[in-house]
Amino acid sequence: MSRVHPVRALWNAMSQQRRELGLAGVLGAVASGSAVALLGVSAWLISTAAEMPPVLTLTVAAVLVRALALSRAIFRYAERLVGHDAAFRGLTQLRVTVYERLERLAPTGLRAFGRGDLLARLVADVDAALDLPLRVVLPWLQAILVAGATVAFLAWLLPAAGVVVAVLSIVAIALVPWLIAATARAAEGRMAPARAAMTAAVVRALDATPELSAFGAGTAATARVGALDDELTRLNVRESYSLGLGGGIGTLVQGAAVVASLVIAVPAVIDGRIGPVWLAVAALLPLALFDVLATLPTSALSFQRLRGSAVRLDELNEVPEPVAAPAHPVALPDRFTGLTVTGMSAQWVAGTVALQDLHLRIEAGERVAVVGASGAGKSTLAAVLMGFLPYQGSIAYSGTQIRDVDGDNLRHHVGLLTQHAHIFDTSIADNVRIGDPAASDERVRQALDAAQLTTWIDRLPRGMDAPVGAFGLSVSGGERQRIALARLLVARRPLVILDEPTEHLDGATADALNATMMTALSDATVLLITHRLRGVERFDRIVQLDRGRLVAQGTHAELMAQGGWYAQQWTLESERQDMARLLHELPIGRAVPSP
Amino acid sequence: MRPLDPRLMRYARSTRGFIVIAVVLGIVTAVLVIIQARLLSDVIVRVTSEGASWSDVRDSVVLIASVFAGRALIAWAAEVAAVRASSRAKQQLRSAAMEHVLALGPTGPGATDPGGTAALITRGVDALDGYYARYLPQLVLAVIVPIAVLATVLGQDILSAVIIAVTLPLIPLFMALIGMYTKSQVDRQWRTLGVLSGHFLDLVSGLPTLKAFGRAKTQVEAIRAVGDRYRSSTMGVLRVSFLSSLALELLATLSVALVAVSVGLRLAEDQIVYPVALFVLLLAPEAYLPLRLVGQHFHAAAEGLGAADRVFTILETPAPTGGDEVLPRGGVTIEAIDLSARYPGRDELALSRVTFTASPGTVTAVVGGSGGGKSTLLSAILGFISADSGSLNVRVTDTATSLDALDMQQWRQRIAWVPQRAHLPSRDLADTPTVSDAVGIREGSIADERVWEALADAGIADEIRALPGGLNSELAADGSGLSVGQLQRLSLARALITSADVVLLDEPTAALDPVTERSVVAAIGRLAEQGRTVIVVAHRPALLDVATQVIRVEQAAAPEAARSEADDLVVRESQSETATVLRVGW
């Protein structure tokens with residue numbers, strides 16, 4: 001399969017409105033053509049007037065000149081309206097395409113994007129794509145149409161002039177922009193490392209601003225950024241010698257066309273092959289035509305800028321889909337009769353092992369805690385059970401192998417709450433309804449109540465319709481996780497995985513949330529993943545993982561009796577908890593001797 | 001957004017030479033265009049009505065060719081001058097912004113919005129190219145060139161000059177009127193655009209959550225619906241903005257057409273002569289072009305102006321000054337009496353009424369709920385945030401000095417700090433600083449033995465020794481490759497290596513396992529034994545083992561933060577937008 005050029009792929013993704021875009025191109029061509037014709041007809045008008053014909057002969061031309069002035073402006077207006085409308089439609093289409101792709105990759109395939117700013121950049125790339133129809137495709141389409149029409153007219157008047165202007169048009173439409181794009185690309189290639197180095201230094205300096213100030217390295221940091229900026233400026237000035245050629249070459253081509261037309265048309269007039277009135281037309285039409293073509297270098301630079309965005313968007317297609325959808329999906333039974341994991345292994349990266357030969361049975365209604373140090377494979381287990389990561393071996397949900405089930409169908413039976421639950425930029429109620437879009441206000445309220453948010457929400461002026469998320473109320477970590485819990489409750493999943501839901505919360509807040517979760521989820525089968533042992537003693541069974549293997553399981557009492565990692569860790573933590581309780585009896589704002 | 005921002009003009013001063021060159025080149029171009037028009041009309045007239053032969057006009061045609069060549073050369077030189085004009089101004093603005101952001105410290109934009117500020121300082125400042133390199137020179141040309149063209153036309157044909165003179169001033173007038181009318185709408189449009197792009201980002205960042213509920217696929221329809229609504233509202237605004245361009249374009253083109261028809265008809269009636277008519281026809285558009293270019297360049301510069309506005313907002317935020325007192329050598333006692341503090345621009349107190357004395361050789365543990373002000377207390381001691389009420393004094397001898405009176409650079413040299421989340425930069429901001437450089441940031445270079453000693457005290461020496469590069473191992477810029485616990489212990493080593501009199505630790509064991517935690521706690525105890533003043537924010541009680549005293553800080557009952565009307569508006573608008581984003585799909 002031959003690779004499609006990334007910009008071409010981008011165009012394919014956003015050019016559904018071909019007819020509308022074509023119309024915009026024609027309208028724009030009429031507008032630009034009017035500008036060319038305006039000069040041509042004016043030249044004819046004056047040349048003819050010089051022969052002092054009856055005024056009536058000139059009236060038609062005079063009207064035409066005014067009409068062309070009008071049509072130039074009006075068709076430009078129409079082109080902009082039609083073109084922008086089509087471009088915005090294309091942008092929406094592109095958003096959908098990119099979203100669908102990201103949806104298939106999320107969340108496992110998106111790990112490659114690391115921190116959120118890469119995703120943000122991708123979203124910015126989508127926005128930038130608006131330039132493709134507006135600043136690249138439409139200008140070229142118009143240039144080709146106008147050049148074609150002008151060349152045709154000149155060829156009718158004086159075939160030699162037509163040929164020369166045709167050749168020079170091709171130079172202006174194809175060669176010059178190509179040269180400019182190539183020069184810009186080469187220059188950018190030389191400047192990109194310097195630019196990246198400076199940006200990286202600025203980002204690092206800002207990320208570490210407090211540390212730089214505290215350790216007296218602020219001046220050194222500013223100097224470092226300044227030095228990198230000097231280097232970038234030096235390169236920038238050096239590159240300007242070649243980048244600056246763009247404006248000049250266009251003028252040269254225009255001059256060549258005008259002079260060549262004169263060289264061909266002057267003898268033709270002297271020989272009497274064309275009437276004298278046509279000399280001004282033949283000389284001035286190229287002047288006007290190449291003014292229109294002079295915008296193409298700018299389009300070439302837009303194309304060059306878009307290329308980066310297009311390449312990044314295209315790279316999305318090269319990220320392999322983490323989990324292949326089953327060819328013949330099986331529907332999960334409604335009733336949950338237990339989960340059986342047999343000889344299951346899984347990995348994030350080929351060649352490494354995150355989980356190995358795991359055997360685990362979870363009965364319906366059971367509460368199981370999976371514990372272990374970080375890197376033990378706990379979150380891998382959650383990802384596999386959610387259908388986010390492929391596995392070897394067997395995982396049977398109520399007897400059905402989960403790799404045979406469509407992902408979304410699986411996730412209508414298995415719920416997940418992590419420390420990273422996203423709160424969308426909408427109301428509290430709508431955030432909860434992500435769990436079940438059909439949930440009535442009453443059920444949403446019940447879920448919020450079970451998540452023990454009622455007191456907080458009742459204090460808000462708009463209650464559960466209060467906006468939260470990026471532009472809404474700022475919510476504390478505890479409230480955030482409780483909203484996420486309400487969302488999970490309203491979804492009514494038979495099997496619920498809680499993946500470190502209280503990480504990032506302080507002790508008291510975490511304890512309170514744990515208590516709420518246990519009460520609210522009393523109907524569900526719960527798999528809690530945690531590296532803190534607080535509260536796990538109340539679970540039916542505790543499973544300890546270590547470096548991808550199951551190393552111990554049993555009740556709290558059994559594991560304590562074994563005296564292994566679990567017992568040590570648990571003792572240490574409970575000692576700390578005792579002391580934490582002490583602290584809450586301290587006076588506020590005043591120093592007292594250490595207890 | 002002003003066309004001539006005096007603050008930007010200040011930076012234009014440094015680059016005035018190149019702007020003058022750009023203007024001179026523009027004037028020469030205009031003169032060449034007038035000569036070109038003269039030569040062209042000359043050749044045409046002589047051939048058509050004076051019966052000149054090819055050899056008669058050959059010299060003029062050669063001249064026309066050389067005028068084009070000259071214009072091409074100048075176009076190239078103008079591009080080069082433009083780059084120089086903008087680069088120096090950009091460089092100065094960038095370094096001023098960088099310096100000030102660092103001076104504003106952890107309460108400034110660099111710490112609260114590092115991503116946005118970094119983008120502003122790098123790409124944002126680059127967007128000023130359009131302003132310095134194109135807009136400013138064109139502004140000058142827009143005054144000079146039309147007057148020159150008008151004067152030339154006046155010398156040829158008075159009536160054409162009158163037409164141009166009457167219509168020309170209408171263009172800037174129209175621009176101003178239309179600009180005033182569309183500004184508010186365009187502003188609103190930019191906000192919608194930001195909100196919409198924000199919503200797509202919101203959905204994309206929330207994908208894992210949507211997918212976990214099996215709801216991700218259904219959002220496609222929502223994206224489509226919101227995109228459509230956005231398109232129609234945008235087109236509404238664009239229609240107005242395009243209409244204004246239409247008015248300007250009509251004005252310019254019709255004026256040229258008016259001149260053309262007028263000279264044509266008068267030529268037929270023998271009121272003017274052919275060469276003058278043709279010359280005026282070629283010149284007329286040149287009178288309008290510079291003004292239209294100003295409009296175009298202003299739009300291109302607008303993005304840069306927006307960025308510049310934000311840069312100046314940062315530059316105009318006063319940086320905390322501090323005093324000039326320097327403490328004598330020796331152990332430092334820190335005394336807080338009823339100390340309260342708040343972050344700049346915030347209503348609620350971040351730290352409320354704290355009283356304690358921390359002496360050399362003691363460990364003060366700071367405890368309390370999250371958001372209670374524990375880290376703020378350390379920020380106050382570091383001078384990142386100043387006291388709102390109460391006092392914060394330090395003393396080495398018997399006389400206490402207010403922290404505000406201290407020379408901050410000198411004072412911070414006396415402090416070692418372990419932040420909650422360390423970044424471990426090196427002095428040269430290397431992408432991958434070595435362990436030595438990161439740990440020895442204050443000292444610059446430091447003997448290996450001392451580094452190893454500090455690493456051992458922080459309980460991370462064995463892990464570093466196991467790395468192939470040892471002390472020269474490179475730390476990835478984003479801290480990947482190291483666990484949070486390892487970062488934390490390196491940050492602790494960075495504090496331990498200094499001989500600072502005051503050591504501030506912010507939850508130094510939060511990510512450590514109990515065994516490592518115990519060794520780190522012991523190291524903290526040894527710091528006090530060396531006679532240093534240690535203040536440690538304790539998230540976990542193990543640290544209390546070595547504490548001399550404990551202070552509990554909690555948030556005062558926060559007053560209901562008053563939202564400004566503008567905030568509410570944004571909230572409401574964004575609210576109604578996303579409500580649809582999320583509902584439509586289901």
# chains A, B, ... in the order shown; residues from 1 in each chain; ligands from 1
call {"tool": "select_by_dssp", "arguments": {"residues": "stretch 37-275 of chain A", "states": "alpha helix (DSSP H)", "output": "VMD selection string"}}
result
chain A and resid 37 to 50 55 to 105 116 to 128 131 138 to 157 159 to 170 176 to 207 209 to 214 218 to 243 245 to 271
call {"tool": "residues_around", "arguments": {"residues": "A:Pro320", "least_positions_apart": "5", "cutoff": "10 Å", "atoms": "only C-alpha atoms", "output": "list in words"}}
result
Arg104, Leu105 and Gly109 of chain A
call {"tool": "residues_around", "arguments": {"residues": "stretch 213-216 of chain B", "least_positions_apart": "2", "cutoff": "9 Å", "atoms": "only C-alpha atoms", "output": "PDB file with N, CA, C and O atoms, in the first residue's frame"}}
result
ATOM      1  N   GLU A 100     -12.961   9.695  16.626  1.00  0.00           N
ATOM      2  CA  GLU A 100     -13.221   8.257  16.467  1.00  0.00           C
ATOM      3  C   GLU A 100     -11.934   7.454  16.579  1.00  0.00           C
ATOM      4  O   GLU A 100     -11.902   6.367  17.157  1.00  0.00           O
ATOM      5  N   GLU A 103     -10.825   7.463  20.128  1.00  0.00           N
ATOM      6  CA  GLU A 103     -11.722   6.616  20.914  1.00  0.00           C
ATOM      7  C   GLU A 103     -11.272   5.163  20.835  1.00  0.00           C
ATOM      8  O   GLU A 103     -11.289   4.448  21.824  1.00  0.00           O
ATOM      9  N   GLY A 407     -16.164  -4.364  23.374  1.00  0.00           N
ATOM     10  CA  GLY A 407     -15.654  -3.583  24.501  1.00  0.00           C
ATOM     11  C   GLY A 407     -16.737  -2.815  25.236  1.00  0.00           C
ATOM     12  O   GLY A 407     -16.837  -2.876  26.462  1.00  0.00           O
ATOM     13  N   ASP A 408     -17.569  -2.088  24.484  1.00  0.00           N
ATOM     14  CA  ASP A 408     -18.589  -1.268  25.149  1.00  0.00           C
ATOM     15  C   ASP A 408     -19.600  -2.143  25.875  1.00  0.00           C
ATOM     16  O   ASP A 408     -20.108  -1.778  26.933  1.00  0.00           O
ATOM     17  N   ASN A 409     -19.886  -3.321  25.308  1.00  0.00           N
ATOM     18  CA  ASN A 409     -20.804  -4.241  25.970  1.00  0.00           C
ATOM     19  C   ASN A 409     -20.199  -4.714  27.299  1.00  0.00           C
ATOM     20  O   ASN A 409     -20.871  -4.715  28.336  1.00  0.00           O
ATOM     21  N   LEU A 410     -18.921  -5.049  27.275  1.00  0.00           N
ATOM     22  CA  LEU A 410     -18.230  -5.472  28.495  1.00  0.00           C
ATOM     23  C   LEU A 410     -18.314  -4.372  29.546  1.00  0.00           C
ATOM     24  O   LEU A 410     -18.614  -4.612  30.721  1.00  0.00           O
ATOM     25  N   ARG A 411     -18.093  -3.125  29.105  1.00  0.00           N
ATOM     26  CA  ARG A 411     -18.040  -2.007  30.043  1.00  0.00           C
ATOM     27  C   ARG A 411     -19.427  -1.563  30.514  1.00  0.00           C
ATOM     28  O   ARG A 411     -19.522  -0.699  31.375  1.00  0.00           O
ATOM     29  N   HIS A 412     -20.471  -2.151  29.920  1.00  0.00           N
ATOM     30  CA  HIS A 412     -21.785  -1.945  30.510  1.00  0.00           C
ATOM     31  C   HIS A 412     -22.035  -2.919  31.659  1.00  0.00           C
ATOM     32  O   HIS A 412     -23.055  -2.852  32.330  1.00  0.00           O
ATOM     33  N   VAL A 414     -18.968  -4.112  33.592  1.00  0.00           N
ATOM     34  CA  VAL A 414     -17.877  -3.901  34.537  1.00  0.00           C
ATOM     35  C   VAL A 414     -17.641  -2.391  34.669  1.00  0.00           C
ATOM     36  O   VAL A 414     -17.440  -1.701  33.667  1.00  0.00           O
ATOM     37  N   GLY A 415     -17.706  -1.887  35.876  1.00  0.00           N
ATOM     38  CA  GLY A 415     -17.501  -0.453  36.095  1.00  0.00           C
ATOM     39  C   GLY A 415     -16.122  -0.183  36.655  1.00  0.00           C
ATOM     40  O   GLY A 415     -15.485  -1.077  37.215  1.00  0.00           O
ATOM     41  N   LEU A 416     -15.655   1.068  36.498  1.00  0.00           N
ATOM     42  CA  LEU A 416     -14.311   1.406  36.957  1.00  0.00           C
ATOM     43  C   LEU A 416     -14.307   2.788  37.593  1.00  0.00           C
ATOM     44  O   LEU A 416     -14.899   3.728  37.067  1.00  0.00           O
ATOM     45  N   ILE A 434     -23.423  10.485  32.942  1.00  0.00           N
ATOM     46  CA  ILE A 434     -22.563   9.716  32.045  1.00  0.00           C
ATOM     47  C   ILE A 434     -22.682   8.239  32.399  1.00  0.00           C
ATOM     48  O   ILE A 434     -22.598   7.370  31.550  1.00  0.00           O
ATOM     49  N   GLY A 435     -22.960   7.949  33.674  1.00  0.00           N
ATOM     50  CA  GLY A 435     -23.167   6.570  34.095  1.00  0.00           C
ATOM     51  C   GLY A 435     -24.389   5.962  33.443  1.00  0.00           C
ATOM     52  O   GLY A 435     -24.379   4.810  33.011  1.00  0.00           O
ATOM     53  N   ASP A 436     -25.474   6.739  33.359  1.00  0.00           N
ATOM     54  CA  ASP A 436     -26.690   6.243  32.728  1.00  0.00           C
ATOM     55  C   ASP A 436     -27.470   7.449  32.196  1.00  0.00           C
ATOM     56  O   ASP A 436     -28.144   8.135  32.957  1.00  0.00           O
ATOM     57  N   LEU A 488     -20.704   6.235  38.982  1.00  0.00           N
ATOM     58  CA  LEU A 488     -20.574   4.777  38.955  1.00  0.00           C
ATOM     59  C   LEU A 488     -21.825   4.127  39.536  1.00  0.00           C
ATOM     60  O   LEU A 488     -22.299   3.097  39.050  1.00  0.00           O
ATOM     61  N   ALA A 491     -24.753   4.022  37.253  1.00  0.00           N
ATOM     62  CA  ALA A 491     -24.559   3.093  36.146  1.00  0.00           C
ATOM     63  C   ALA A 491     -24.965   1.664  36.516  1.00  0.00           C
ATOM     64  O   ALA A 491     -25.194   0.838  35.636  1.00  0.00           O
TER      65      ALA A 491
ATOM     66  N   LEU B 203     -13.633  16.681  25.956  1.00  0.00           N
ATOM     67  CA  LEU B 203     -14.092  15.340  25.579  1.00  0.00           C
ATOM     68  C   LEU B 203     -12.906  14.407  25.373  1.00  0.00           C
ATOM     69  O   LEU B 203     -12.916  13.268  25.816  1.00  0.00           O
ATOM     70  N   LEU B 207     -11.830  11.036  27.544  1.00  0.00           N
ATOM     71  CA  LEU B 207     -12.075   9.780  26.820  1.00  0.00           C
ATOM     72  C   LEU B 207     -11.958   8.527  27.688  1.00  0.00           C
ATOM     73  O   LEU B 207     -12.830   7.666  27.614  1.00  0.00           O
ATOM     74  N   PRO B 208     -10.901   8.408  28.508  1.00  0.00           N
ATOM     75  CA  PRO B 208     -10.812   7.200  29.327  1.00  0.00           C
ATOM     76  C   PRO B 208     -12.058   7.016  30.197  1.00  0.00           C
ATOM     77  O   PRO B 208     -12.554   5.894  30.353  1.00  0.00           O
ATOM     78  N   THR B 209     -12.563   8.124  30.749  1.00  0.00           N
ATOM     79  CA  THR B 209     -13.751   8.026  31.588  1.00  0.00           C
ATOM     80  C   THR B 209     -14.965   7.636  30.757  1.00  0.00           C
ATOM     81  O   THR B 209     -15.727   6.736  31.121  1.00  0.00           O
ATOM     82  N   LEU B 210     -15.154   8.314  29.626  1.00  0.00           N
ATOM     83  CA  LEU B 210     -16.295   7.997  28.767  1.00  0.00           C
ATOM     84  C   LEU B 210     -16.237   6.538  28.336  1.00  0.00           C
ATOM     85  O   LEU B 210     -17.228   5.829  28.309  1.00  0.00           O
ATOM     86  N   LYS B 211     -15.035   6.093  28.017  1.00  0.00           N
ATOM     87  CA  LYS B 211     -14.896   4.734  27.512  1.00  0.00           C
ATOM     88  C   LYS B 211     -15.165   3.715  28.614  1.00  0.00           C
ATOM     89  O   LYS B 211     -15.764   2.670  28.367  1.00  0.00           O
ATOM     90  N   THR B 218     -20.873   7.266  21.446  1.00  0.00           N
ATOM     91  CA  THR B 218     -22.080   8.074  21.235  1.00  0.00           C
ATOM     92  C   THR B 218     -21.774   9.565  21.190  1.00  0.00           C
ATOM     93  O   THR B 218     -22.628  10.353  20.811  1.00  0.00           O
ATOM     94  N   GLN B 219     -20.559   9.961  21.580  1.00  0.00           N
ATOM     95  CA  GLN B 219     -20.248  11.390  21.601  1.00  0.00           C
ATOM     96  C   GLN B 219     -20.068  11.985  20.204  1.00  0.00           C
ATOM     97  O   GLN B 219     -20.067  13.187  20.032  1.00  0.00           O
ATOM     98  N   VAL B 220     -19.883  11.111  19.205  1.00  0.00           N
ATOM     99  CA  VAL B 220     -19.643  11.592  17.847  1.00  0.00           C
ATOM    100  C   VAL B 220     -20.768  12.530  17.397  1.00  0.00           C
ATOM    101  O   VAL B 220     -20.517  13.606  16.854  1.00  0.00           O
ATOM    102  N   GLY B 585     -25.574  13.554  22.692  1.00  0.00           N
ATOM    103  CA  GLY B 585     -25.098  12.236  22.310  1.00  0.00           C
ATOM    104  C   GLY B 585     -25.871  11.086  22.921  1.00  0.00           C
ATOM    105  O   GLY B 585     -25.788   9.964  22.437  1.00  0.00           O
ATOM    106  N   TRP B 586     -26.544  11.370  24.001  1.00  0.00           N
ATOM    107  CA  TRP B 586     -27.191  10.224  24.668  1.00  0.00           C
ATOM    108  C   TRP B 586     -28.662  10.164  24.385  1.00  0.00           C
ATOM    109  O   TRP B 586     -29.486   9.999  25.225  1.00  0.00           O
TER     110      TRP B 586
END
call {"tool": "closest_residue", "arguments": {"among": "A:Val475, A:Ala29, A:Leu158, A:Ala223", "to": "chain B", "atoms": "only C-alpha atoms"}}
result
A:Ala223
call {"tool": "residues_around", "arguments": {"residues": "A:Ala73", "least_positions_apart": "3", "cutoff": "6 Å", "atoms": "only C-alpha atoms", "output": "JSON, numbers by chain"}}
result
{"A": [70, 76], "B": [246, 249, 250]}
call {"tool": "residues_around", "arguments": {"residues": "A:Gln446", "least_positions_apart": "5", "cutoff": "12 Å", "atoms": "only C-alpha atoms", "output": "list in words"}}
result
Ala429, Val432, Ala439, Ser440, Asp441, Ala451, Gln452, Leu453, Thr454, Met464, Leu485, Ala486, Arg487, Leu489, Val490 and Ala520 of chain A
call {"tool": "residues_around", "arguments": {"residues": "stretch 331-348 of chain A", "least_positions_apart": "2", "cutoff": "6 Å", "atoms": "only C-alpha atoms", "output": "PyMOL selection string"}}
result
chain A and resi 353-364+391-398
call {"tool": "write_last_selection", "arguments": {"atoms": "all heavy atoms", "output": "short mmCIF file (atom, residue, chain, number, x, y, z; two decimals), in the first residue's frame"}}
result
data_model
loop_
_atom_site.label_atom_id
_atom_site.label_comp_id
_atom_site.auth_asym_id
_atom_site.auth_seq_id
_atom_site.Cartn_x
_atom_site.Cartn_y
_atom_site.Cartn_z
N VAL A 353 6.73 -8.20 30.94
CA VAL A 353 5.62 -8.91 31.57
C VAL A 353 5.04 -8.04 32.68
O VAL A 353 5.76 -7.58 33.55
CB VAL A 353 6.09 -10.25 32.17
CG1 VAL A 353 4.97 -10.90 32.95
CG2 VAL A 353 6.57 -11.16 31.07
N ALA A 354 3.73 -7.80 32.62
CA ALA A 354 3.11 -7.02 33.68
C ALA A 354 2.31 -7.94 34.61
O ALA A 354 2.22 -7.71 35.80
CB ALA A 354 2.21 -5.95 33.09
N LEU A 355 1.74 -8.99 34.02
CA LEU A 355 1.00 -9.99 34.81
C LEU A 355 1.36 -11.35 34.24
O LEU A 355 1.43 -11.52 33.03
CB LEU A 355 -0.50 -9.79 34.67
CG LEU A 355 -1.21 -8.80 35.59
CD1 LEU A 355 -2.68 -8.78 35.27
CD2 LEU A 355 -0.97 -9.14 37.05
N GLN A 356 1.61 -12.33 35.12
CA GLN A 356 2.03 -13.62 34.62
C GLN A 356 1.27 -14.75 35.29
O GLN A 356 1.24 -14.85 36.51
CB GLN A 356 3.53 -13.79 34.83
CG GLN A 356 4.10 -14.84 33.92
CD GLN A 356 5.60 -14.73 33.83
OE1 GLN A 356 6.23 -14.11 34.67
NE2 GLN A 356 6.17 -15.35 32.82
N ASP A 357 0.65 -15.57 34.46
CA ASP A 357 0.04 -16.82 34.90
C ASP A 357 -0.84 -16.62 36.13
O ASP A 357 -0.66 -17.26 37.16
CB ASP A 357 1.15 -17.85 35.21
CG ASP A 357 0.57 -19.25 35.33
OD1 ASP A 357 -0.50 -19.49 34.73
OD2 ASP A 357 1.17 -20.08 36.05
N LEU A 358 -1.79 -15.71 35.99
CA LEU A 358 -2.64 -15.36 37.13
C LEU A 358 -3.85 -16.29 37.19
O LEU A 358 -4.51 -16.53 36.17
CB LEU A 358 -3.09 -13.91 37.00
CG LEU A 358 -3.79 -13.31 38.21
CD1 LEU A 358 -2.77 -13.05 39.32
CD2 LEU A 358 -4.48 -12.01 37.83
N HIS A 359 -4.12 -16.83 38.37
CA HIS A 359 -5.33 -17.64 38.61
C HIS A 359 -6.11 -16.95 39.72
O HIS A 359 -5.56 -16.68 40.78
CB HIS A 359 -4.96 -19.06 39.05
CG HIS A 359 -4.28 -19.83 37.97
ND1 HIS A 359 -4.95 -20.68 37.12
CD2 HIS A 359 -2.98 -19.85 37.59
CE1 HIS A 359 -4.09 -21.20 36.25
NE2 HIS A 359 -2.89 -20.71 36.53
N LEU A 360 -7.38 -16.64 39.43
CA LEU A 360 -8.16 -15.89 40.41
C LEU A 360 -9.63 -16.16 40.17
O LEU A 360 -10.09 -16.22 39.03
CB LEU A 360 -7.86 -14.39 40.23
CG LEU A 360 -8.46 -13.41 41.22
CD1 LEU A 360 -7.86 -13.62 42.60
CD2 LEU A 360 -8.20 -11.98 40.76
N ARG A 361 -10.38 -16.37 41.27
CA ARG A 361 -11.83 -16.57 41.10
C ARG A 361 -12.53 -15.55 41.99
O ARG A 361 -12.17 -15.39 43.16
CB ARG A 361 -12.18 -18.00 41.51
CG ARG A 361 -13.65 -18.30 41.74
CD ARG A 361 -14.42 -18.47 40.44
NE ARG A 361 -15.86 -18.46 40.71
CZ ARG A 361 -16.79 -18.33 39.78
NH1 ARG A 361 -16.44 -18.22 38.50
NH2 ARG A 361 -18.06 -18.32 40.09
N ILE A 362 -13.46 -14.82 41.40
CA ILE A 362 -14.22 -13.86 42.21
C ILE A 362 -15.68 -14.26 42.13
O ILE A 362 -16.25 -14.34 41.03
CB ILE A 362 -14.02 -12.43 41.70
CG1 ILE A 362 -12.55 -12.02 41.85
CG2 ILE A 362 -14.90 -11.44 42.47
CD1 ILE A 362 -12.20 -10.74 41.16
N GLU A 363 -16.29 -14.54 43.29
CA GLU A 363 -17.70 -14.95 43.32
C GLU A 363 -18.57 -13.70 43.24
O GLU A 363 -18.16 -12.62 43.64
CB GLU A 363 -18.01 -15.70 44.63
CG GLU A 363 -17.17 -16.93 44.87
CD GLU A 363 -17.38 -18.01 43.82
OE1 GLU A 363 -18.44 -18.00 43.14
OE2 GLU A 363 -16.46 -18.83 43.63
N ALA A 364 -19.80 -13.91 42.76
CA ALA A 364 -20.75 -12.79 42.73
C ALA A 364 -20.99 -12.32 44.17
O ALA A 364 -21.17 -13.14 45.07
CB ALA A 364 -22.05 -13.23 42.09
N TYR A 391 -5.00 -9.97 26.52
CA TYR A 391 -4.40 -10.89 27.49
C TYR A 391 -4.24 -12.26 26.83
O TYR A 391 -4.88 -12.58 25.83
CB TYR A 391 -5.31 -11.02 28.73
CG TYR A 391 -6.71 -11.52 28.43
CD1 TYR A 391 -7.02 -12.89 28.48
CD2 TYR A 391 -7.72 -10.63 28.08
CE1 TYR A 391 -8.29 -13.33 28.19
CE2 TYR A 391 -8.99 -11.08 27.78
CZ TYR A 391 -9.28 -12.43 27.84
OH TYR A 391 -10.53 -12.87 27.53
N GLN A 392 -3.37 -13.06 27.43
CA GLN A 392 -3.27 -14.46 27.05
C GLN A 392 -3.89 -15.26 28.20
O GLN A 392 -3.95 -14.78 29.32
CB GLN A 392 -1.82 -14.89 26.85
CG GLN A 392 -1.09 -14.11 25.74
CD GLN A 392 -0.47 -12.81 26.25
OE1 GLN A 392 0.19 -12.80 27.26
NE2 GLN A 392 -0.72 -11.72 25.54
N GLY A 393 -4.31 -16.49 27.90
CA GLY A 393 -4.97 -17.28 28.93
C GLY A 393 -6.46 -17.03 28.88
O GLY A 393 -7.00 -16.69 27.81
N SER A 394 -7.13 -17.12 30.01
CA SER A 394 -8.58 -17.06 29.98
C SER A 394 -9.14 -16.15 31.08
O SER A 394 -8.65 -16.14 32.20
CB SER A 394 -9.13 -18.49 30.16
OG SER A 394 -10.44 -18.44 30.67
N ILE A 395 -10.12 -15.33 30.69
CA ILE A 395 -10.89 -14.58 31.68
C ILE A 395 -12.36 -14.80 31.33
O ILE A 395 -12.81 -14.39 30.26
CB ILE A 395 -10.58 -13.08 31.63
CG1 ILE A 395 -9.09 -12.81 31.86
CG2 ILE A 395 -11.41 -12.33 32.68
CD1 ILE A 395 -8.70 -11.35 31.73
N ALA A 396 -13.07 -15.48 32.20
CA ALA A 396 -14.48 -15.77 31.92
C ALA A 396 -15.36 -14.96 32.86
O ALA A 396 -15.24 -15.05 34.08
CB ALA A 396 -14.74 -17.26 32.09
N TYR A 397 -16.22 -14.13 32.24
CA TYR A 397 -17.19 -13.34 33.01
C TYR A 397 -18.52 -14.08 32.88
O TYR A 397 -19.04 -14.24 31.78
CB TYR A 397 -17.30 -11.95 32.41
CG TYR A 397 -18.32 -11.04 33.06
CD1 TYR A 397 -17.93 -10.04 33.96
CD2 TYR A 397 -19.67 -11.16 32.76
CE1 TYR A 397 -18.86 -9.20 34.53
CE2 TYR A 397 -20.61 -10.32 33.34
CZ TYR A 397 -20.21 -9.34 34.23
OH TYR A 397 -21.14 -8.52 34.79
N SER A 398 -19.03 -14.58 33.98
CA SER A 398 -20.24 -15.41 33.95
C SER A 398 -20.11 -16.49 32.88
O SER A 398 -21.05 -16.80 32.16
CB SER A 398 -21.49 -14.58 33.66
OG SER A 398 -21.60 -13.55 34.60
#
